[in-house]
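Trainee: Contents are mmCIF, C-alpha atoms; file name start29.cif:
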data_target
#
loop_
_atom_site.label_atom_id
_atom_site.label_comp_id
_atom_site.auth_asym_id
_atom_site.auth_seq_id
_atom_site.Cartn_x
_atom_site.Cartn_y
_atom_site.Cartn_z
CA MET A 748 23.87 -39.33 -29.63
CA ASN A 749 24.48 -35.67 -30.53
CA GLY A 750 24.98 -32.87 -27.98
CA ARG A 751 21.43 -31.59 -28.30
CA ARG A 752 19.86 -34.97 -27.60
CA LEU A 753 22.25 -35.63 -24.76
CA PHE A 754 21.35 -32.33 -23.17
CA SER A 755 17.62 -33.02 -23.55
CA LEU A 756 18.13 -36.35 -21.83
CA ILE A 757 20.14 -34.78 -19.00
CA SER A 758 17.62 -31.97 -18.46
CA ASN A 759 14.67 -34.42 -18.46
CA LEU A 760 16.49 -36.61 -15.93
CA PHE A 761 17.23 -33.54 -13.83
CA TRP A 762 13.54 -32.59 -13.63
CA VAL A 763 12.45 -36.15 -12.92
CA LEU A 764 14.92 -36.14 -10.04
CA VAL A 765 13.57 -32.80 -8.77
CA VAL A 766 9.96 -34.04 -8.82
CA ALA A 767 11.03 -37.28 -7.12
CA LEU A 768 12.84 -35.34 -4.35
CA ILE A 769 9.78 -33.13 -3.73
CA ALA A 770 7.53 -36.20 -3.56
CA LEU A 771 9.96 -37.95 -1.22
CA ASP A 772 10.23 -34.87 1.00
CA THR A 773 6.45 -34.49 1.15
CA ALA A 774 5.95 -38.16 1.94
CA SER A 775 8.67 -38.32 4.59
CA SER A 776 7.74 -35.17 6.53
CA THR A 777 5.97 -36.05 9.74
CA GLY A 778 4.07 -34.08 12.35
CA SER A 779 1.00 -31.89 12.08
CA ARG A 780 1.01 -28.46 10.49
CA VAL A 781 -1.65 -25.82 11.03
CA GLU A 782 -2.77 -24.73 7.59
CA PRO A 783 -2.81 -20.92 7.28
CA PRO A 784 -5.88 -19.07 5.97
CA PRO A 785 -5.94 -18.96 2.13
CA ILE A 786 -5.23 -15.23 2.05
CA ALA A 787 -3.06 -13.34 4.53
CA LEU A 788 -4.82 -9.99 4.03
CA GLY A 789 -7.67 -9.81 6.52
CA SER A 790 -6.72 -13.08 8.23
CA GLY A 791 -5.60 -11.44 11.46
CA GLN A 792 -2.51 -13.68 11.47
CA ALA A 793 1.14 -12.72 11.15
CA ALA A 794 3.13 -13.90 8.11
CA SER A 795 4.69 -17.33 8.61
CA GLY A 796 8.26 -16.11 8.21
CA GLY A 797 11.07 -17.42 6.07
CA HIS A 798 12.03 -14.61 3.72
CA CYS A 799 15.29 -13.51 2.11
CA SER A 800 15.34 -10.33 4.21
CA GLY A 801 16.11 -12.49 7.24
CA ARG A 802 12.68 -12.65 8.82
CA MET B 1454 0.18 -30.19 -32.68
CA CYS B 1455 0.77 -26.73 -31.23
CA PHE B 1456 -2.75 -26.77 -29.71
CA LEU B 1457 -2.11 -30.15 -28.12
CA ILE B 1458 1.17 -28.96 -26.60
CA ARG B 1459 -0.52 -25.86 -25.17
CA LEU B 1460 -3.33 -27.99 -23.77
CA LEU B 1461 -0.78 -30.27 -22.11
CA LEU B 1462 1.11 -27.30 -20.67
CA VAL B 1463 -2.06 -25.80 -19.18
CA ALA B 1464 -3.21 -29.19 -17.87
CA GLY B 1465 0.24 -29.81 -16.36
CA GLY B 1466 0.17 -26.44 -14.60
CA LEU B 1467 -3.31 -26.99 -13.19
CA ALA B 1468 -2.38 -30.50 -12.06
CA GLY B 1469 0.68 -29.09 -10.31
CA VAL B 1470 -1.35 -26.39 -8.55
CA PHE B 1471 -3.89 -29.03 -7.49
CA ALA B 1472 -1.14 -31.28 -6.13
CA VAL B 1473 0.44 -28.40 -4.17
CA THR B 1474 -3.00 -27.46 -2.78
CA LEU B 1475 -3.57 -31.02 -1.63
CA ALA B 1476 -0.15 -31.25 -0.01
CA GLY B 1477 0.25 -27.72 1.39
CA GLY B 1478 -3.21 -26.11 1.51
CA LEU B 1479 -5.09 -23.53 -0.52
CA ARG B 1480 -2.66 -20.68 0.20
CA GLN B 1481 0.24 -22.72 -1.15
CA GLY B 1482 -1.80 -23.62 -4.24
CA LEU B 1483 -2.55 -19.96 -4.88
CA LEU B 1484 1.14 -19.12 -4.46
CA ALA B 1485 2.12 -21.85 -6.94
CA LEU B 1486 -0.36 -20.32 -9.40
CA LEU B 1487 1.15 -16.87 -8.85
CA GLY B 1488 4.59 -18.42 -9.33
CA ILE B 1489 3.47 -19.77 -12.71
CA GLY B 1490 2.42 -16.23 -13.57
CA PHE B 1491 5.82 -14.85 -12.52
CA GLY B 1492 7.63 -17.43 -14.63
CA ALA B 1493 5.42 -16.92 -17.68
CA VAL B 1494 5.89 -13.14 -17.54
CA LEU B 1495 9.65 -13.28 -16.91
CA GLN B 1496 10.15 -15.73 -19.78
CA GLY B 1497 7.50 -14.28 -22.10
CA ALA B 1498 8.69 -10.69 -21.72
CA ARG B 1499 12.34 -11.77 -21.35
CA PHE B 1500 12.36 -9.50 -18.29
CA GLY B 1501 15.89 -10.07 -17.07
CA PHE B 1502 17.35 -7.99 -14.26
CA THR B 1503 20.85 -9.13 -15.22
CA THR B 1504 20.37 -8.44 -18.93
CA GLY B 1505 18.82 -5.04 -18.27
CA TRP B 1506 21.87 -3.96 -16.27
CA ARG B 1507 24.32 -5.48 -18.75
CA ASP B 1508 22.59 -3.73 -21.67
CA TYR B 1509 23.19 -0.43 -19.92
CA ILE B 1510 26.76 -1.16 -18.88
CA GLU B 1511 27.83 -2.38 -22.33
CA ARG B 1512 25.69 -0.32 -24.72
CA ARG B 1513 24.08 2.37 -22.54
CA ASP B 1514 20.69 0.88 -23.43
CA PRO B 1515 18.42 2.19 -20.63
CA GLN B 1516 15.26 0.19 -21.45
CA GLY B 1517 15.81 -2.55 -18.88
CA LEU B 1518 16.65 -0.07 -16.13
CA TRP B 1519 13.60 2.02 -16.98
CA ALA B 1520 11.38 -1.05 -16.83
CA GLN B 1521 12.85 -2.05 -13.47
CA MET B 1522 12.26 1.45 -12.10
CA LEU B 1523 8.66 1.32 -13.38
CA LEU B 1524 8.25 -2.06 -11.68
CA LEU B 1525 9.59 -0.66 -8.40
CA VAL B 1526 7.29 2.37 -8.46
CA LEU B 1527 4.20 0.31 -9.34
CA ALA B 1528 4.99 -2.38 -6.77
CA ALA B 1529 5.50 0.29 -4.10
CA ALA B 1530 2.31 2.12 -5.09
CA PHE B 1531 0.26 -1.09 -4.94
CA THR B 1532 1.68 -2.44 -1.69
CA LEU B 1533 2.85 0.39 0.61
CA PRO B 1534 -0.73 1.52 1.45
CA LEU B 1535 -1.65 -2.13 2.14
CA ILE B 1536 1.35 -2.75 4.42
CA ALA B 1537 0.66 0.51 6.27
CA SER B 1538 -3.00 -0.32 6.84
CA HIS B 1539 -2.48 -3.99 7.79
CA PRO B 1540 0.57 -4.07 10.10
CA GLY B 1541 1.43 -7.59 11.23
CA GLU B 1542 -0.72 -9.32 8.62
CA LEU B 1543 1.36 -7.90 5.79
CA VAL B 1544 5.06 -7.18 6.21
CA GLY B 1545 7.65 -5.65 3.91
CA ALA B 1546 11.23 -6.71 3.20
CA VAL B 1547 13.13 -4.61 5.72
CA ALA B 1548 16.75 -5.35 6.66
CA PRO B 1549 19.64 -3.58 8.41
CA LEU B 1550 22.39 -1.65 6.62
CA THR B 1551 25.22 -3.97 7.56
CA ILE B 1552 28.76 -4.49 6.29
CA SER B 1553 27.54 -7.86 5.01
CA LEU B 1554 24.94 -6.07 2.87
CA VAL B 1555 27.64 -3.97 1.20
CA LEU B 1556 30.01 -6.90 0.56
CA GLY B 1557 27.27 -9.35 -0.37
CA ALA B 1558 25.47 -7.08 -2.82
CA PHE B 1559 28.75 -6.26 -4.63
CA LEU B 1560 29.69 -9.94 -4.92
CA PHE B 1561 26.19 -10.88 -6.04
CA GLY B 1562 26.19 -8.21 -8.74
CA ALA B 1563 29.48 -9.49 -10.13
CA ALA B 1564 28.51 -13.17 -9.95
CA MET B 1565 25.09 -12.72 -11.58
CA GLN B 1566 26.75 -11.40 -14.73
CA LEU B 1567 29.05 -14.43 -14.86
CA ALA B 1568 26.13 -16.81 -14.26
CA ASP B 1569 24.01 -14.90 -16.80
CA GLY B 1570 21.09 -14.64 -14.41
CA CYS B 1571 20.17 -13.49 -10.91
CA GLY B 1572 17.94 -15.48 -8.55
CA SER B 1573 14.78 -15.22 -10.63
CA GLY B 1574 16.81 -15.33 -13.85
CA THR B 1575 18.44 -18.63 -12.90
CA LEU B 1576 15.03 -20.17 -12.17
CA TYR B 1577 13.24 -18.93 -15.25
CA LYS B 1578 16.14 -19.86 -17.49
CA ALA B 1579 16.19 -23.32 -15.93
CA GLY B 1580 12.48 -23.60 -16.75
CA GLY B 1581 13.17 -22.36 -20.26
CA GLY B 1582 15.84 -25.02 -20.68
CA ALA B 1583 18.99 -22.85 -20.75
CA PRO B 1584 21.86 -25.33 -20.31
CA ILE B 1585 23.95 -23.07 -18.06
CA SER B 1586 21.18 -23.08 -15.43
CA PHE B 1587 21.82 -26.74 -14.71
CA ALA B 1588 25.35 -25.82 -13.68
CA VAL B 1589 24.27 -22.74 -11.71
CA LEU B 1590 21.21 -23.99 -9.81
CA PRO B 1591 22.76 -26.82 -7.72
CA THR B 1592 25.72 -24.70 -6.59
CA PHE B 1593 23.37 -21.75 -5.97
CA ALA B 1594 21.42 -23.97 -3.54
CA ILE B 1595 24.55 -25.06 -1.68
CA GLY B 1596 25.90 -21.49 -1.56
CA SER B 1597 22.61 -20.15 -0.27
CA PHE B 1598 22.44 -22.86 2.40
CA LEU B 1599 25.98 -22.04 3.59
CA GLY B 1600 25.44 -18.28 3.36
CA ALA B 1601 22.30 -18.52 5.48
CA SER B 1602 24.13 -20.62 8.05
CA HIS B 1603 26.87 -17.96 8.27
CA GLN B 1604 24.49 -14.96 8.04
CA PRO B 1605 24.31 -14.29 11.81
CA ALA B 1606 28.12 -14.13 11.98
CA TRP B 1607 28.25 -11.72 9.03
CA ILE B 1608 25.59 -9.50 10.62
CA GLY B 1609 27.71 -9.57 13.79
CA LEU B 1610 30.42 -7.61 11.96
CA GLY B 1611 28.27 -4.55 12.49
CA GLY B 1612 26.42 -1.84 10.65
CA LEU B 1613 23.38 0.36 11.03
CA PRO B 1614 19.86 -0.65 12.03
CA PRO B 1615 17.08 -0.93 9.41
CA VAL B 1616 15.74 2.31 7.96
CA ASP B 1617 12.06 1.80 7.18
CA LEU B 1618 10.66 4.88 5.45
CA LEU B 1619 7.12 3.70 6.18
CA ARG B 1620 7.51 5.15 9.68
CA TYR B 1621 6.95 8.56 8.04
CA GLY B 1622 3.67 7.36 6.51
CA TRP B 1623 3.09 5.66 3.16
CA PRO B 1624 2.64 8.85 1.08
CA VAL B 1625 6.11 10.07 2.12
CA ALA B 1626 7.64 6.61 1.62
CA LEU B 1627 6.06 6.30 -1.83
CA GLY B 1628 7.12 9.84 -2.72
CA ILE B 1629 10.77 9.10 -1.86
CA THR B 1630 10.62 5.85 -3.84
CA VAL B 1631 9.18 7.64 -6.90
CA VAL B 1632 11.84 10.35 -6.71
CA GLY B 1633 14.63 7.76 -6.35
CA CYS B 1634 13.40 5.72 -9.31
CA GLY B 1635 12.87 8.89 -11.34
CA LEU B 1636 16.45 9.98 -10.69
CA VAL B 1637 17.87 6.59 -11.74
CA SER B 1638 15.76 6.68 -14.94
CA TRP B 1639 16.88 10.22 -15.71
CA PHE B 1640 20.57 9.38 -15.20
CA ALA B 1641 20.17 6.30 -17.39
CA ALA B 1642 18.52 8.32 -20.17
CA ARG B 1643 21.21 11.00 -19.91
CA GLY B 1644 23.98 8.40 -20.15
CA ALA B 1645 22.31 6.81 -23.19
CA LYS B 1646 21.93 10.15 -24.95
CA LYS B 1647 25.57 11.06 -24.32
CA HIS B 1648 26.72 7.66 -25.55
CA ARG B 1649 24.70 7.97 -28.78
CA ALA B 1650 26.07 11.45 -29.35
CA ALA B 1651 29.64 10.22 -28.83
CA ASN B 1652 29.16 7.24 -31.19
CA PRO B 1653 27.11 8.56 -34.13
CA SER B 1654 28.42 6.00 -36.62
CA ALA B 1655 28.31 2.94 -34.33
CA ASN B 1656 25.91 0.09 -35.14
CA SER B 1657 23.00 -1.13 -32.98
CA SER B 1658 25.07 -3.84 -31.28
CA THR B 1659 27.20 -1.24 -29.54
CA VAL B 1660 24.79 1.68 -29.22
CA ALA B 1661 21.13 1.44 -28.20
CA GLY B 1662 18.57 3.30 -30.25
CA PRO B 1663 16.01 5.64 -28.71
CA GLY B 1664 12.60 4.32 -27.63
CA TRP B 1665 11.26 1.67 -25.30
CA SER B 1666 10.42 -1.85 -26.41
CA ARG B 1667 6.89 -2.90 -25.50
CA ARG B 1668 7.96 -6.14 -23.78
CA TRP B 1669 9.77 -4.23 -21.07
CA TRP B 1670 6.90 -2.07 -19.83
CA ILE B 1671 4.27 -4.78 -20.25
CA GLY B 1672 6.53 -7.07 -18.21
CA ALA B 1673 6.90 -4.42 -15.52
CA LEU B 1674 3.12 -3.88 -15.31
CA LEU B 1675 2.33 -7.59 -15.04
CA LEU B 1676 5.12 -8.30 -12.55
CA ALA B 1677 3.99 -5.43 -10.32
CA ALA B 1678 0.42 -6.79 -10.31
CA LEU B 1679 1.66 -10.30 -9.47
CA TYR B 1680 3.98 -8.87 -6.78
CA ALA B 1681 1.02 -7.14 -5.08
CA LEU B 1682 -1.12 -10.28 -5.27
CA HIS B 1683 1.73 -12.30 -3.77
CA LEU B 1684 1.94 -9.94 -0.81
CA VAL B 1685 -1.83 -10.14 -0.28
CA VAL B 1686 -1.82 -13.96 -0.33
CA ALA B 1687 1.46 -14.70 1.48
CA GLY B 1688 1.63 -11.74 3.83
CA GLN B 1689 5.26 -11.17 2.83
CA PRO B 1690 6.96 -9.92 -0.33
CA TRP B 1691 8.00 -12.14 -3.23
CA GLY B 1692 11.35 -13.83 -2.58
CA ILE B 1693 13.57 -16.33 -4.37
CA VAL B 1694 16.79 -17.13 -2.53
CA TYR B 1695 15.34 -18.24 0.80
CA GLY B 1696 13.61 -21.14 -0.95
CA ILE B 1697 16.72 -22.15 -2.88
CA GLY B 1698 18.76 -22.14 0.35
CA LEU B 1699 16.09 -24.25 2.01
CA TRP B 1700 16.42 -26.83 -0.79
CA GLY B 1701 20.15 -26.94 -0.15
CA ALA B 1702 19.58 -27.34 3.60
CA LYS B 1703 17.08 -30.15 3.03
CA LEU B 1704 19.48 -31.93 0.71
CA VAL B 1705 22.38 -31.66 3.16
CA ALA B 1706 20.10 -32.73 6.04
CA ALA B 1707 19.09 -35.80 4.03
CA LEU B 1708 22.81 -36.66 3.82
CA GLY B 1709 23.13 -36.62 7.61
CA TRP B 1710 23.74 -32.99 8.58
CA SER B 1711 21.88 -31.84 11.71
CA PRO B 1712 20.59 -28.26 11.97
CA VAL B 1713 20.65 -28.42 15.79
CA GLY B 1714 22.92 -25.67 17.05
CA ASP B 1715 23.14 -23.93 13.69
CA ALA B 1716 22.88 -20.14 14.18
CA PHE B 1717 20.39 -19.83 11.33
CA TRP B 1718 18.81 -23.17 10.44
CA GLY B 1719 18.58 -24.22 14.08
CA VAL B 1720 16.33 -21.32 15.14
CA ASP B 1721 12.71 -20.42 14.31
CA PRO B 1722 11.17 -19.74 11.88
CA HIS B 1723 13.90 -21.36 9.77
CA ALA B 1724 14.02 -24.56 11.84
CA VAL B 1725 10.26 -24.93 11.32
CA ARG B 1726 10.60 -24.36 7.57
CA LEU B 1727 13.30 -27.04 7.47
CA ALA B 1728 11.20 -29.55 9.39
CA GLU B 1729 8.04 -28.96 7.36
CA PRO B 1730 7.51 -30.31 3.83
CA VAL B 1731 9.10 -28.12 1.17
CA LEU B 1732 5.62 -27.51 -0.28
CA ALA B 1733 4.68 -25.69 2.95
CA ASP B 1734 7.33 -23.04 2.34
CA VAL B 1735 6.06 -19.83 0.69
CA THR B 1736 9.18 -19.11 -1.34
CA SER B 1737 9.68 -22.69 -2.50
CA VAL B 1738 6.21 -23.12 -3.98
CA THR B 1739 6.46 -19.76 -5.75
CA ASN B 1740 9.83 -20.85 -7.13
CA PHE B 1741 8.45 -24.19 -8.37
CA GLY B 1742 5.57 -22.37 -10.03
CA LEU B 1743 8.01 -19.88 -11.57
CA ILE B 1744 10.08 -22.65 -13.12
CA TYR B 1745 6.99 -24.31 -14.58
CA GLY B 1746 5.59 -21.00 -15.84
CA ALA B 1747 8.86 -20.29 -17.65
CA LEU B 1748 8.86 -23.81 -19.09
CA ALA B 1749 5.30 -23.36 -20.38
CA ALA B 1750 6.03 -19.93 -21.85
CA SER B 1751 9.18 -21.16 -23.58
CA ARG B 1752 7.39 -24.15 -25.15
CA TRP B 1753 4.15 -22.28 -26.00
CA ASN B 1754 5.12 -21.69 -29.63
CA GLY B 1755 7.15 -24.86 -30.14
CA PRO B 1756 10.33 -26.51 -28.87
CA ALA B 1757 12.89 -24.27 -27.21
CA ASP B 1758 16.15 -23.60 -29.02
CA PHE B 1759 19.49 -23.49 -27.24
CA ARG B 1760 23.20 -23.58 -27.81
CA ALA B 1761 25.34 -25.89 -25.70
CA PRO B 1762 27.75 -23.80 -23.57
CA THR B 1763 31.47 -24.51 -23.47
CA ALA B 1764 32.99 -26.38 -20.52
CA LYS B 1765 34.66 -23.11 -19.49
CA ARG B 1766 31.26 -21.35 -19.33
CA LEU B 1767 29.74 -24.23 -17.36
CA ILE B 1768 32.55 -24.17 -14.78
CA ALA B 1769 32.36 -20.36 -14.52
CA GLY B 1770 28.58 -20.64 -14.11
CA ALA B 1771 28.90 -23.24 -11.35
CA VAL B 1772 31.40 -21.10 -9.42
CA ALA B 1773 29.27 -17.98 -9.95
CA GLY B 1774 26.20 -19.88 -8.70
CA LEU B 1775 28.01 -20.76 -5.48
CA VAL B 1776 29.07 -17.14 -4.96
CA MET B 1777 25.60 -15.85 -5.82
CA GLY B 1778 23.90 -18.16 -3.38
CA TYR B 1779 26.29 -17.29 -0.56
CA SER B 1780 26.41 -13.55 -1.17
CA ALA B 1781 22.63 -13.29 -1.53
CA ARG B 1782 22.31 -14.42 2.07
CA MET B 1783 24.95 -11.94 3.22
CA ALA B 1784 22.97 -9.20 1.44
CA PHE B 1785 19.46 -10.21 2.59
CA GLY B 1786 18.33 -11.36 -0.82
CA CYS B 1787 18.78 -11.11 -4.56
CA ASN B 1788 17.27 -8.80 -7.18
CA VAL B 1789 13.80 -9.91 -6.10
CA GLY B 1790 14.01 -10.21 -2.30
CA ALA B 1791 16.36 -7.26 -1.66
CA PHE B 1792 16.23 -4.96 -4.71
CA LEU B 1793 12.54 -5.22 -5.68
CA GLY B 1794 11.23 -6.25 -2.26
CA GLY B 1795 13.42 -3.81 -0.33
CA ILE B 1796 12.76 -0.73 -2.43
CA ALA B 1797 9.05 -1.51 -2.90
CA SER B 1798 8.84 -1.89 0.91
CA ALA B 1799 10.50 1.54 1.34
CA SER B 1800 13.49 0.01 3.13
CA MET B 1801 16.80 1.81 2.58
CA HIS B 1802 18.66 -1.48 2.35
CA GLY B 1803 17.09 -1.97 -1.10
CA TRP B 1804 18.77 1.19 -2.41
CA VAL B 1805 22.13 0.27 -0.86
CA TRP B 1806 21.79 -3.20 -2.42
CA PHE B 1807 21.08 -1.67 -5.84
CA ALA B 1808 24.09 0.69 -5.75
CA LEU B 1809 26.54 -2.01 -4.65
CA ALA B 1810 25.17 -4.75 -6.90
CA PHE B 1811 25.29 -2.44 -9.92
CA ALA B 1812 28.92 -1.60 -9.12
CA GLY B 1813 29.61 -5.34 -8.82
CA SER B 1814 27.88 -5.93 -12.16
CA MET B 1815 30.28 -3.51 -13.85
CA VAL B 1816 33.12 -5.78 -12.71
CA GLY B 1817 31.11 -8.90 -13.55
CA VAL B 1818 30.45 -7.78 -17.13
CA ARG B 1819 34.21 -7.47 -17.70
CA LEU B 1820 34.83 -10.91 -16.18
CA ARG B 1821 32.08 -12.35 -18.38
CA GLN B 1822 33.70 -10.93 -21.49
CA ARG B 1823 36.96 -12.64 -20.53
CA VAL B 1824 35.27 -16.00 -19.89
CA SER B 1825 33.31 -15.78 -23.16
CA ALA B 1826 36.38 -14.84 -25.19
#
Kindly transcribe the structure held in the file into structure tokens.
Mentor:
Amino acid sequence: MNGRRLFSLISNLFWVLVVALIALDTASSTGSRVEPPPIALGSGQAASGGHCSGR
Amino acid sequence: MCFLIRLLLVAGGLAGVFAVTLAGGLRQGLLALLGIGFGAVLQGARFGFTTGWRDYIERRDPQGLWAQMLLLVLAAAFTLPLIASHPGELVGAVAPLTISLVLGAFLFGAAMQLADGCGSGTLYKAGGGAPISFAVLPTFAIGSFLGASHQPAWIGLGGLPPVDLLRYGWPVALGITVVGCGLVSWFAARGAKKHRAANPSANSSTVAGPGWSRRWWIGALLLAALYALHLVVAGQPWGIVYGIGLWGAKLVAALGWSPVGDAFWGVDPHAVRLAEPVLADVTSVTNFGLIYGALAASRWNGPADFRAPTAKRLIAGAVAGLVMGYSARMAFGCNVGAFLGGIASASMHGWVWFALAFAGSMVGVRLRQRVSA
């Protein structure tokens, strides 16, 4: 197997693993979550928080 | 064959957006769609923050810097009036002027040149299939997780409170932003002109020619439009690093670590983000969309081409990823969350971040040349 093919294999495996982890995380999370309105502008609700600026 | 590939890429994107909507709600689906747009534009226009700075440092090519300044002005013009008229619903990226900001931005600027990509660059290059991203991304996540955990202690070292220019009204805030970006563009053009004059016989690899490539300004226009839409949908500016740090925290938590008592991950809203599914996090879904958008754009005209990096480059990339992740949390974000988000929100910390990260990049470019040699 040449380097190019090996890398393709590794990158494909990497993304399969990423998708699997997201699916696992989604399936394992418990508890109810209040879904926010589709668009923040005009919703009357504050942003959920969780931004790089520290909010 | 090409048509079939494009059809598959579009179908894959729509399926992903549908899945995110089902799992996280309509807002998250819209954000994933916007993320796909970000990734497609970044990859399609090759709009790299890191490359733009490096082009100027190495060859005095100002095109990337000009495009970034155009992006900042447009993003500010689109969003400052909205933030001012909808306080609470829409918030900007505003952070204090701390010692951690100064140190973190400098380190980030140096590390992003070694890693060959900032926060957004690492994600879009990973989507595009750049081999080095697979070394950078995992360590970036761990670094960002650790940096976030230590962020309160770093902030405790002291500094000045946030300076939000919006308090003077959005016209003044926008005016100051336009003047600041204009000055940077003018200095960049002046430096390029001087460099060309001093190197009349040099070839194009060492001296940039005059003019402005179309991809840069089209990229800036599209990114500014997407940035404004993101703010309207999410209520907060586009970010990158928070999501990557959250992935690291989730991974470490899955291995047995408990966030209880942690100064960052143990308090709201971060504790809530950690407990919720990753698809409920604003930054994470935008990041996932970005990666897919870059993948689609890179495969649109056929298979992507790449060169395998040396082991030395991979190790340097992994170390740089760790430093980038950590320092981005010290500095309240990367090129997107702090530089673009901060300046477009008229927060002074964005300008401080830019100055220090650019100085760090000058060091990073030299380090990169040594590693590549």
Trainee: Name all residues at most 9 Å from Ala787 in chain A (count all atoms listed in the file; drop same-chain ones fewer than 4 positions away) and give them as a ChimeraX atom specification.
Mentor: /A:783,791-794 /B:1480,1542-1543,1684-1689
Trainee: Evaluated on this file, the PyMOL selection byres ((chain A) within 7 of (chain B)) picks out some residues - which ones are they, written as a PyMOL selection string?
Mentor: chain A and resi 772-773+776+782+784-788+791-794+796-801
Trainee: Take the residues from that selection and write them out as a PDB file, in the frame of the given file, keeping C-alpha atoms.
Mentor:
ATOM      1  CA  ASP A 772      10.230 -34.870   1.000  1.00  0.00           C
ATOM      2  CA  THR A 773       6.450 -34.490   1.150  1.00  0.00           C
ATOM      3  CA  SER A 776       7.740 -35.170   6.530  1.00  0.00           C
ATOM      4  CA  GLU A 782      -2.770 -24.730   7.590  1.00  0.00           C
ATOM      5  CA  PRO A 784      -5.880 -19.070   5.970  1.00  0.00           C
ATOM      6  CA  PRO A 785      -5.940 -18.960   2.130  1.00  0.00           C
ATOM      7  CA  ILE A 786      -5.230 -15.230   2.050  1.00  0.00           C
ATOM      8  CA  ALA A 787      -3.060 -13.340   4.530  1.00  0.00           C
ATOM      9  CA  LEU A 788      -4.820  -9.990   4.030  1.00  0.00           C
ATOM     10  CA  GLY A 791      -5.600 -11.440  11.460  1.00  0.00           C
ATOM     11  CA  GLN A 792      -2.510 -13.680  11.470  1.00  0.00           C
ATOM     12  CA  ALA A 793       1.140 -12.720  11.150  1.00  0.00           C
ATOM     13  CA  ALA A 794       3.130 -13.900   8.110  1.00  0.00           C
ATOM     14  CA  GLY A 796       8.260 -16.110   8.210  1.00  0.00           C
ATOM     15  CA  GLY A 797      11.070 -17.420   6.070  1.00  0.00           C
ATOM     16  CA  HIS A 798      12.030 -14.610   3.720  1.00  0.00           C
ATOM     17  CA  CYS A 799      15.290 -13.510   2.110  1.00  0.00           C
ATOM     18  CA  SER A 800      15.340 -10.330   4.210  1.00  0.00           C
ATOM     19  CA  GLY A 801      16.110 -12.490   7.240  1.00  0.00           C
TER      20      GLY A 801
END
Trainee: With all atoms of range 1721-1732 of chain B from the file as input, state the centre and edge lengths in Å to one decimal of the axis-aligned box that has 6 Å extra on each side, as JSON.
Mentor:
{"center_x": 9.8, "center_y": -25.0, "center_z": 7.0, "size_x": 20.4, "size_y": 22.6, "size_z": 26.6}
Trainee: Which residues come within 10 Å of Leu1533 in chain B, counting all atoms listed in the file, excluding same-chain residues fewer than 2 positions away, as a list of chain:residue names?
Mentor: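 Near Leu1533 in chain B, the qualifying residues are B:Ala1528, B:Ala1529, B:Ala1530, B:Phe1531, B:Leu1535, B:Ile1536, B:Ala1537, B:Ser1538, B:His1539, B:Leu1543, B:Val1544, B:Gly1545, B:Leu1619, B:Gly1622, B:Trp1623, B:Pro1624, B:Ala1626, B:Leu1627, B:Ala1681, B:Ala1797, B:Ser1798, B:Ala1799.
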Trainee: Emit the selected residues as a short mmCIF file (atom, residue, chain, number, x, y, z; two decimals), in the coordinates of the input, including C-alpha atoms.
Mentor:
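New file selection01.cif:
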data_model
loop_
_atom_site.label_atom_id
_atom_site.label_comp_id
_atom_site.auth_asym_id
_atom_site.auth_seq_id
_atom_site.Cartn_x
_atom_site.Cartn_y
_atom_site.Cartn_z
CA ALA B 1528 4.99 -2.38 -6.77
CA ALA B 1529 5.50 0.29 -4.10
CA ALA B 1530 2.31 2.12 -5.09
CA PHE B 1531 0.26 -1.09 -4.94
CA LEU B 1535 -1.65 -2.13 2.14
CA ILE B 1536 1.35 -2.75 4.42
CA ALA B 1537 0.66 0.51 6.27
CA SER B 1538 -3.00 -0.32 6.84
CA HIS B 1539 -2.48 -3.99 7.79
CA LEU B 1543 1.36 -7.90 5.79
CA VAL B 1544 5.06 -7.18 6.21
CA GLY B 1545 7.65 -5.65 3.91
CA LEU B 1619 7.12 3.70 6.18
CA GLY B 1622 3.67 7.36 6.51
CA TRP B 1623 3.09 5.66 3.16
CA PRO B 1624 2.64 8.85 1.08
CA ALA B 1626 7.64 6.61 1.62
CA LEU B 1627 6.06 6.30 -1.83
CA ALA B 1681 1.02 -7.14 -5.08
CA ALA B 1797 9.05 -1.51 -2.90
CA SER B 1798 8.84 -1.89 0.91
CA ALA B 1799 10.50 1.54 1.34
#
Trainee: Between CA of Val1738 in chain B and CA of Phe1471 in chain B, what is the distance in Å, rounded to a tenth?
Mentor: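 We find that CA of Val1738 in chain B and CA of Phe1471 in chain B lie 12.2 Å from each other.
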Trainee: Would you be able to write out as a list in words which residues have an atom within 7 Å of (21.3, -12.1, -16.8) in the file's coordinates, counting all atoms listed in the file?
Mentor: Gly1501, Phe1502, Thr1503, Thr1504, Met1565, Gln1566, Asp1569, Gly1570, Cys1571 and Gly1574 of chain B
Trainee: Rounded to one decimal place, report the CA of Ala1645 in chain B-CA of Ala1812 in chain B distance in Å.
Mentor: 17.7 Å
Trainee: I'd like the interatomic distance between CA of Lys1646 in chain B and CA of Arg1513 in chain B, to a tenth of an Å.
Mentor: 8.4 Å
Trainee: Using the chain letters and numbers from the file, give me the residues hit by the PyMOL selection byres ((chain B and resi 1490) around 8), as a compact mmCIF listing (two decimals) with C-alpha atoms, in the frame of the given file.
Mentor:
# COMPACT_ATOMS: atom_id res chain seq x y z
CA LEU B 1486 -0.36 -20.32 -9.40
CA LEU B 1487 1.15 -16.87 -8.85
CA GLY B 1488 4.59 -18.42 -9.33
CA ILE B 1489 3.47 -19.77 -12.71
CA PHE B 1491 5.82 -14.85 -12.52
CA GLY B 1492 7.63 -17.43 -14.63
CA ALA B 1493 5.42 -16.92 -17.68
CA VAL B 1494 5.89 -13.14 -17.54
CA LEU B 1679 1.66 -10.30 -9.47
CA GLY B 1742 5.57 -22.37 -10.03
CA LEU B 1743 8.01 -19.88 -11.57
CA GLY B 1746 5.59 -21.00 -15.84
